[in-house]
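Here's data.cif, which has mmCIF, C-alpha atoms:
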```
data_coords
#
loop_
_atom_site.group_PDB
_atom_site.id
_atom_site.type_symbol
_atom_site.label_atom_id
_atom_site.label_comp_id
_atom_site.auth_asym_id
_atom_site.auth_seq_id
_atom_site.Cartn_x
_atom_site.Cartn_y
_atom_site.Cartn_z
ATOM 1 C CA MET A 1 31.783 -0.828 -4.207
ATOM 2 C CA ASN A 2 28.812 -2.825 -2.911
ATOM 3 C CA ARG A 3 29.275 -1.254 0.526
ATOM 4 C CA VAL A 4 29.296 2.239 -1.040
ATOM 5 C CA LYS A 5 26.105 1.437 -2.962
ATOM 6 C CA GLN A 6 24.518 0.142 0.233
ATOM 7 C CA TRP A 7 25.183 3.393 2.078
ATOM 8 C CA ILE A 8 23.959 5.458 -0.866
ATOM 9 C CA TRP A 9 20.651 3.585 -0.729
ATOM 10 C CA ILE A 10 20.493 3.930 3.063
ATOM 11 C CA THR A 11 20.953 7.697 2.696
ATOM 12 C CA ILE A 12 18.215 7.820 0.063
ATOM 13 C CA GLY A 13 15.918 5.803 2.340
ATOM 14 C CA CYS A 14 16.533 8.230 5.222
ATOM 15 C CA LEU A 15 15.774 11.175 2.931
ATOM 16 C CA PHE A 16 12.481 9.597 1.872
ATOM 17 C CA VAL A 17 11.402 9.060 5.478
ATOM 18 C CA ALA A 18 12.519 12.553 6.537
ATOM 19 C CA THR A 19 10.533 14.057 3.658
ATOM 20 C CA GLY A 20 7.450 12.029 4.590
ATOM 21 C CA ILE A 21 7.727 13.207 8.190
ATOM 22 C CA GLN A 22 7.726 16.809 6.966
ATOM 23 C CA PHE A 23 4.480 16.230 5.076
ATOM 24 C CA LEU A 24 2.977 14.872 8.288
ATOM 25 C CA THR A 25 4.139 17.607 10.648
ATOM 26 C CA ALA A 26 3.166 20.376 8.198
ATOM 27 C CA SER A 27 -0.437 19.118 8.367
ATOM 28 C CA SER A 28 -0.388 18.247 12.102
ATOM 29 C CA LEU A 29 -0.487 14.517 11.424
ATOM 30 C CA VAL A 30 1.324 11.701 13.221
ATOM 31 C CA ILE A 31 2.702 8.232 12.524
ATOM 32 C CA GLY A 32 3.337 5.169 14.675
ATOM 33 C CA GLY A 33 6.590 4.135 16.349
ATOM 34 C CA THR A 34 9.320 6.373 17.717
ATOM 35 C CA ALA A 35 8.802 8.837 14.855
ATOM 36 C CA GLY A 36 5.214 9.353 15.984
ATOM 37 C CA LEU A 37 6.327 9.799 19.574
ATOM 38 C CA GLY A 38 8.854 12.375 18.390
ATOM 39 C CA ILE A 39 6.152 14.289 16.497
ATOM 40 C CA VAL A 40 3.903 14.383 19.579
ATOM 41 C CA LEU A 41 6.692 15.441 21.941
ATOM 42 C CA GLU A 42 7.798 18.166 19.525
ATOM 43 C CA GLN A 43 4.404 19.813 20.022
ATOM 44 C CA LEU A 44 4.829 19.667 23.797
ATOM 45 C CA SER A 45 8.379 20.987 23.964
ATOM 46 C CA ASN A 46 10.804 23.410 22.355
ATOM 47 C CA ILE A 47 12.979 20.581 21.047
ATOM 48 C CA SER A 48 13.139 19.804 17.335
ATOM 49 C CA PHE A 49 11.798 16.549 15.938
ATOM 50 C CA GLY A 50 15.249 15.498 14.730
ATOM 51 C CA MET A 51 16.785 15.848 18.179
ATOM 52 C CA LEU A 52 13.842 14.120 19.873
ATOM 53 C CA PHE A 53 13.907 11.232 17.395
ATOM 54 C CA PHE A 54 17.625 10.723 18.016
ATOM 55 C CA ILE A 55 17.236 10.808 21.817
ATOM 56 C CA ILE A 56 14.178 8.528 21.924
ATOM 57 C CA ASN A 57 16.018 5.822 19.988
ATOM 58 C CA LEU A 58 19.090 5.755 22.259
ATOM 59 C CA PRO A 59 17.792 3.208 24.823
ATOM 60 C CA PHE A 60 16.846 0.726 22.096
ATOM 61 C CA TYR A 61 20.420 0.282 20.858
ATOM 62 C CA PHE A 62 21.442 -1.547 24.027
ATOM 63 C CA MET A 63 18.720 -4.124 23.401
ATOM 64 C CA ALA A 64 19.619 -4.368 19.729
ATOM 65 C CA ILE A 65 23.295 -5.114 20.346
ATOM 66 C CA THR A 66 22.544 -8.184 22.453
ATOM 67 C CA GLN A 67 19.425 -9.435 20.681
ATOM 68 C CA ILE A 68 19.952 -8.509 17.015
ATOM 69 C CA GLY A 69 23.633 -7.958 16.306
ATOM 70 C CA LEU A 70 26.311 -5.291 16.338
ATOM 71 C CA GLN A 71 26.485 -4.611 12.589
ATOM 72 C CA PHE A 72 22.750 -4.059 12.242
ATOM 73 C CA THR A 73 22.741 -1.847 15.348
ATOM 74 C CA ILE A 74 25.551 0.324 13.969
ATOM 75 C CA ARG A 75 23.797 0.715 10.612
ATOM 76 C CA SER A 76 20.560 1.604 12.385
ATOM 77 C CA PHE A 77 22.323 4.132 14.628
ATOM 78 C CA ILE A 78 23.826 5.855 11.591
ATOM 79 C CA SER A 79 20.467 5.769 9.779
ATOM 80 C CA VAL A 80 18.679 7.332 12.756
ATOM 81 C CA SER A 81 21.382 10.025 12.962
ATOM 82 C CA LEU A 82 21.070 10.765 9.229
ATOM 83 C CA MET A 83 17.284 10.938 9.383
ATOM 84 C CA SER A 84 17.388 13.211 12.428
ATOM 85 C CA ILE A 85 19.759 15.640 10.716
ATOM 86 C CA MET A 86 17.837 15.565 7.435
ATOM 87 C CA SER A 87 14.536 16.254 9.225
ATOM 88 C CA ASP A 88 15.849 19.372 10.941
ATOM 89 C CA VAL A 89 17.568 20.593 7.768
ATOM 90 C CA LEU A 90 14.398 20.163 5.699
ATOM 91 C CA VAL A 91 12.394 22.191 8.224
ATOM 92 C CA GLY A 92 14.701 25.151 7.691
ATOM 93 C CA MET A 93 14.779 24.790 3.912
ATOM 94 C CA LEU A 94 11.174 24.316 2.808
ATOM 95 C CA THR A 95 7.573 23.760 3.861
ATOM 96 C CA LEU A 96 5.951 20.630 2.488
ATOM 97 C CA GLN A 97 2.315 21.418 3.227
ATOM 98 C CA LEU A 98 -0.347 20.165 0.839
ATOM 99 C CA PRO A 99 -3.809 21.772 0.438
ATOM 100 C CA HIS A 100 -5.598 19.091 2.501
ATOM 101 C CA PRO A 101 -4.535 16.715 5.309
ATOM 102 C CA LEU A 102 -5.925 13.798 3.294
ATOM 103 C CA LEU A 103 -3.376 14.457 0.544
ATOM 104 C CA SER A 104 -0.622 14.802 3.132
ATOM 105 C CA ALA A 105 -1.578 11.487 4.747
ATOM 106 C CA ILE A 106 -1.561 9.629 1.425
ATOM 107 C CA THR A 107 1.694 11.226 0.273
ATOM 108 C CA ALA A 108 3.468 10.711 3.596
ATOM 109 C CA GLY A 109 2.305 7.109 3.896
ATOM 110 C CA ILE A 110 3.680 6.258 0.461
ATOM 111 C CA ILE A 111 6.974 8.129 0.865
ATOM 112 C CA ILE A 112 7.709 6.791 4.359
ATOM 113 C CA GLY A 113 6.771 3.266 3.302
ATOM 114 C CA ILE A 114 9.143 3.403 0.333
ATOM 115 C CA GLY A 115 11.907 4.845 2.516
ATOM 116 C CA LEU A 116 11.572 2.079 5.098
ATOM 117 C CA ILE A 117 11.593 -0.607 2.413
ATOM 118 C CA ILE A 118 14.829 0.840 1.018
ATOM 119 C CA LEU A 119 16.374 0.804 4.489
ATOM 120 C CA PHE A 120 15.203 -2.727 5.273
ATOM 121 C CA ARG A 121 16.497 -4.115 1.993
ATOM 122 C CA ASN A 122 19.895 -2.627 2.716
ATOM 123 C CA GLY A 123 20.245 -4.132 6.179
ATOM 124 C CA SER A 124 19.252 -1.119 8.242
ATOM 125 C CA SER A 125 16.275 0.381 10.066
ATOM 126 C CA LEU A 126 15.244 3.449 12.009
ATOM 127 C CA GLY A 127 15.499 1.603 15.304
ATOM 128 C CA GLY A 128 12.914 2.041 17.992
ATOM 129 C CA ILE A 129 9.857 -0.107 18.486
ATOM 130 C CA ASN A 130 10.958 -2.934 16.176
ATOM 131 C CA MET A 131 14.018 -3.465 18.350
ATOM 132 C CA LEU A 132 11.819 -3.451 21.463
ATOM 133 C CA CYS A 133 9.566 -6.078 19.855
ATOM 134 C CA VAL A 134 12.494 -8.422 19.242
ATOM 135 C CA PHE A 135 13.862 -7.891 22.749
ATOM 136 C CA LEU A 136 10.550 -8.588 24.517
ATOM 137 C CA ASP A 137 9.906 -11.608 22.322
ATOM 138 C CA LYS A 138 13.295 -13.193 23.066
ATOM 139 C CA ARG A 139 13.459 -12.207 26.730
ATOM 140 C CA PHE A 140 9.857 -12.674 27.879
ATOM 141 C CA GLY A 141 8.081 -14.402 24.987
ATOM 142 C CA VAL A 142 5.825 -11.420 24.272
ATOM 143 C CA ASN A 143 4.285 -11.545 20.803
ATOM 144 C CA PRO A 144 5.921 -8.832 18.609
ATOM 145 C CA GLY A 145 2.614 -8.002 16.939
ATOM 146 C CA LYS A 146 1.018 -7.262 20.307
ATOM 147 C CA THR A 147 3.917 -5.052 21.338
ATOM 148 C CA MET A 148 3.717 -3.085 18.082
ATOM 149 C CA LEU A 149 -0.068 -2.714 18.343
ATOM 150 C CA ILE A 150 -0.024 -1.558 21.970
ATOM 151 C CA THR A 151 2.759 0.977 21.446
ATOM 152 C CA ASP A 152 1.180 2.385 18.277
ATOM 153 C CA LEU A 153 -2.222 2.674 19.974
ATOM 154 C CA PHE A 154 -0.594 4.519 22.867
ATOM 155 C CA ILE A 155 1.234 6.923 20.563
ATOM 156 C CA VAL A 156 -1.750 7.582 18.295
ATOM 157 C CA GLY A 157 -4.002 7.895 21.342
ATOM 158 C CA SER A 158 -1.743 10.531 22.864
ATOM 159 C CA ALA A 159 -1.772 12.341 19.528
ATOM 160 C CA THR A 160 -5.553 12.689 19.850
ATOM 161 C CA VAL A 161 -5.033 15.001 22.834
ATOM 162 C CA VAL A 162 -2.448 17.085 20.964
ATOM 163 C CA PHE A 163 -3.847 17.216 17.425
ATOM 164 C CA GLY A 164 -7.509 16.265 17.727
ATOM 165 C CA VAL A 165 -9.607 13.327 16.562
ATOM 166 C CA ILE A 166 -9.941 14.388 12.909
ATOM 167 C CA GLN A 167 -6.187 14.750 12.422
ATOM 168 C CA VAL A 168 -5.605 11.376 14.028
ATOM 169 C CA LEU A 169 -8.088 9.751 11.639
ATOM 170 C CA TYR A 170 -6.094 11.144 8.714
ATOM 171 C CA SER A 171 -2.956 9.897 10.447
ATOM 172 C CA LEU A 172 -4.390 6.382 10.633
ATOM 173 C CA LEU A 173 -4.746 6.467 6.849
ATOM 174 C CA ALA A 174 -1.037 7.307 6.534
ATOM 175 C CA ILE A 175 -0.174 4.430 8.888
ATOM 176 C CA PHE A 176 -2.420 2.052 6.937
ATOM 177 C CA ILE A 177 -0.783 2.988 3.618
ATOM 178 C CA MET A 178 2.723 2.708 5.080
ATOM 179 C CA THR A 179 2.129 -0.694 6.666
ATOM 180 C CA GLY A 180 0.348 -1.863 3.534
ATOM 181 C CA LEU A 181 3.405 -1.064 1.437
ATOM 182 C CA LEU A 182 5.688 -2.787 3.916
ATOM 183 C CA GLY A 183 3.483 -5.862 3.946
ATOM 184 C CA ARG A 184 3.227 -5.966 0.172
ATOM 185 C CA TYR A 185 6.862 -5.411 -0.756
ATOM 186 C CA HIS A 186 8.722 -6.631 2.302
ATOM 187 C CA LYS A 187 7.147 -9.828 3.591
ATOM 188 C CA ARG A 188 9.634 -10.643 6.341
ATOM 189 C CA SER A 189 10.683 -8.339 9.158
ATOM 190 C CA ALA A 190 14.014 -6.713 8.327
ATOM 191 C CA ILE A 191 15.292 -7.236 11.841
ATOM 192 C CA GLU A 192 14.368 -10.909 11.896
ATOM 193 C CA ARG A 193 15.953 -11.459 8.485
ATOM 194 C CA ASN A 194 19.133 -9.624 9.437
ATOM 195 C CA HIS A 195 19.386 -11.435 12.765
ATOM 196 C CA LYS A 196 19.051 -14.792 11.023
ATOM 197 C CA GLN A 197 21.662 -13.807 8.429
ATOM 198 C CA GLU A 198 24.170 -12.676 11.073
ATOM 199 C CA ASN A 199 23.633 -15.886 13.048
ATOM 200 C CA THR A 200 24.335 -17.886 9.882
ATOM 201 C CA GLU A 201 27.532 -15.910 9.242
ATOM 202 C CA GLU A 202 28.680 -16.492 12.813
ATOM 203 C CA GLN A 203 28.022 -20.215 12.517
ATOM 204 C CA GLN A 204 29.954 -20.352 9.244
ATOM 205 C CA THR A 205 32.866 -18.517 10.836
ATOM 206 C CA ALA A 206 32.823 -20.874 13.819
ATOM 207 C CA SER A 207 32.853 -23.923 11.562
ATOM 208 C CA VAL A 208 35.865 -22.561 9.697
ATOM 209 C CA LEU A 209 37.743 -21.919 12.948
#
```

Represent the supplied structure as structure tokens.
Amino acid sequence: MNRVKQWIWITIGCLFVATGIQFLTASSLVIGGTAGLGIVLEQLSNISFGMLFFIINLPFYFMAITQIGLQFTIRSFISVSLMSIMSDVLVGMLTLQLPHPLLSAITAGIIIGIGLIILFRNGSSLGGINMLCVFLDKRFGVNPGKTMLITDLFIVGSATVVFGVIQVLYSLLAIFIMTGLLGRYHKRSAIERNHKQENTEEQQTASVL
């Protein structure tokens, strides 16, 4: 029953994030991470955001399996797949465009932040940059915060060329709200917490054997 409840919450979290992404794309706004990269590439290609988001995340799973754990990687893969499908379905069902980009940025930042918190608290994520941060930290000692900052700056910077400076400024507000929520209600990185928990379980199993 607990496992069923966990997957119900993961599905709800994916729906929240997918809905927030629709608010962003409807107002030509962007977000950080692989979702932001997917939004930018969607404008430069004929491929849907959902498909791009799924493809972009594929390389990160190989790092996650070795550095984070198989269970977390599987949950994240399923979450990314769910979010990709939901995003494309929502596009065909309704348009979530608010009267002003400022409202879209605030709304999207809150909704995406809540969705990610739900996913993190249920042992999952939407893959991507967080997995890269853990991999580079463990393999080369690169500070995760620096990796996240550099990748987000690159993605948001590229969005300036596609959407324009004003839209990117609104996008930064969405990112600020999202990260603020994550920092306020989820103090520790979900990946770090899950990795520590899985290591503890493995040690307990080894001691029993």

Inset, instruction - For CA of Pro59 in chain A and CA of Gly127 in chain A, determine how far apart the two atoms are, in Å to one decimal place. - result: 9.9 Å

Legend entry - Closest of A:Gly69, A:Gly13, A:Gly180, A:Gly33 to Phe154 in chain A - atom-to-atom distances counting all atoms listed in the file: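 Smallest distance to Phe154 in chain A is found for A:Gly33.
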
Legend entry - Top pick for closest residue to Gly183 in chain A, considering A:Ile117, A:Ser124, A:Thr107, A:Phe140 and counting only C-alpha atoms: A:Ile117

Legend entry - Computed interatomic separation between CA of Tyr170 in chain A and CA of Val30 in chain A (Å):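 For CA of Tyr170 in chain A relative to CA of Val30 in chain A, the distance reads 8.7 Å.
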
Inset, instruction - Apply the PyMOL selection byres ((chain A and resi 20) around 12) to the displayed file and report the matching residues as a VMD selection string. - result: chain A and resid 13 to 19 21 to 27 29 to 31 35 to 36 83 86 to 87 90 to 91 95 to 98 103 to 116 174 to 175 178

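Between CA of Asn2 in chain A and CA of Leu126 in chain A the separation is 21.1 Å.
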
Inset, instruction - Just say which residues the PyMOL selection byres ((chain A and resi 162) around 9) picks in this file, as a ChimeraX atom specification. - result: /A:40,43-44,158-161,163-164

Write out the residues from the selection above, keeping C-alpha atoms, as a PDB file, keeping the file's coordinate frame.
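The resulting file, again-v6.pdb, is shown below:
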```pdb
ATOM      1  CA  VAL A  40       3.903  14.383  19.579  1.00  0.00           C
ATOM      2  CA  GLN A  43       4.404  19.813  20.022  1.00  0.00           C
ATOM      3  CA  LEU A  44       4.829  19.667  23.797  1.00  0.00           C
ATOM      4  CA  SER A 158      -1.743  10.531  22.864  1.00  0.00           C
ATOM      5  CA  ALA A 159      -1.772  12.341  19.528  1.00  0.00           C
ATOM      6  CA  THR A 160      -5.553  12.689  19.850  1.00  0.00           C
ATOM      7  CA  VAL A 161      -5.033  15.001  22.834  1.00  0.00           C
ATOM      8  CA  PHE A 163      -3.847  17.216  17.425  1.00  0.00           C
ATOM      9  CA  GLY A 164      -7.509  16.265  17.727  1.00  0.00           C
TER      10      GLY A 164
END
```

Inset, instruction - Carefully work through the PyMOL selection byres ((chain A and resi 54) around 12) for this structure and note down the residues it includes, as number ranges by chain. - result: A: 34-35, 37-38, 47-53, 55-61, 76-88, 126-128

Give me a file of those residues, with C-alpha atoms, as a short mmCIF file (atom, residue, chain, number, x, y, z; two decimals), in the frame of the given file.
```
data_model
loop_
_atom_site.label_atom_id
_atom_site.label_comp_id
_atom_site.auth_asym_id
_atom_site.auth_seq_id
_atom_site.Cartn_x
_atom_site.Cartn_y
_atom_site.Cartn_z
CA THR A 34 9.32 6.37 17.72
CA ALA A 35 8.80 8.84 14.86
CA LEU A 37 6.33 9.80 19.57
CA GLY A 38 8.85 12.38 18.39
CA ILE A 47 12.98 20.58 21.05
CA SER A 48 13.14 19.80 17.34
CA PHE A 49 11.80 16.55 15.94
CA GLY A 50 15.25 15.50 14.73
CA MET A 51 16.78 15.85 18.18
CA LEU A 52 13.84 14.12 19.87
CA PHE A 53 13.91 11.23 17.40
CA ILE A 55 17.24 10.81 21.82
CA ILE A 56 14.18 8.53 21.92
CA ASN A 57 16.02 5.82 19.99
CA LEU A 58 19.09 5.76 22.26
CA PRO A 59 17.79 3.21 24.82
CA PHE A 60 16.85 0.73 22.10
CA TYR A 61 20.42 0.28 20.86
CA SER A 76 20.56 1.60 12.38
CA PHE A 77 22.32 4.13 14.63
CA ILE A 78 23.83 5.86 11.59
CA SER A 79 20.47 5.77 9.78
CA VAL A 80 18.68 7.33 12.76
CA SER A 81 21.38 10.02 12.96
CA LEU A 82 21.07 10.76 9.23
CA MET A 83 17.28 10.94 9.38
CA SER A 84 17.39 13.21 12.43
CA ILE A 85 19.76 15.64 10.72
CA MET A 86 17.84 15.56 7.44
CA SER A 87 14.54 16.25 9.22
CA ASP A 88 15.85 19.37 10.94
CA LEU A 126 15.24 3.45 12.01
CA GLY A 127 15.50 1.60 15.30
CA GLY A 128 12.91 2.04 17.99
#
```

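Distances from A:Asn130, A:Asn122, A:Ser171, A:Thr179 to Lys5 in chain A were compared using all atoms listed in the file, and the smallest one belongs to A:Asn122.
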
Legend entry - Residue among A:Leu182, A:Leu172, A:Met148, A:Val156 lying closest to Leu136 in chain A, counting all atoms listed in the file: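 Checking each of A:Leu182, A:Leu172, A:Met148, A:Val156 against Leu136 in chain A, counting all atoms listed in the file, the winner is A:Met148.
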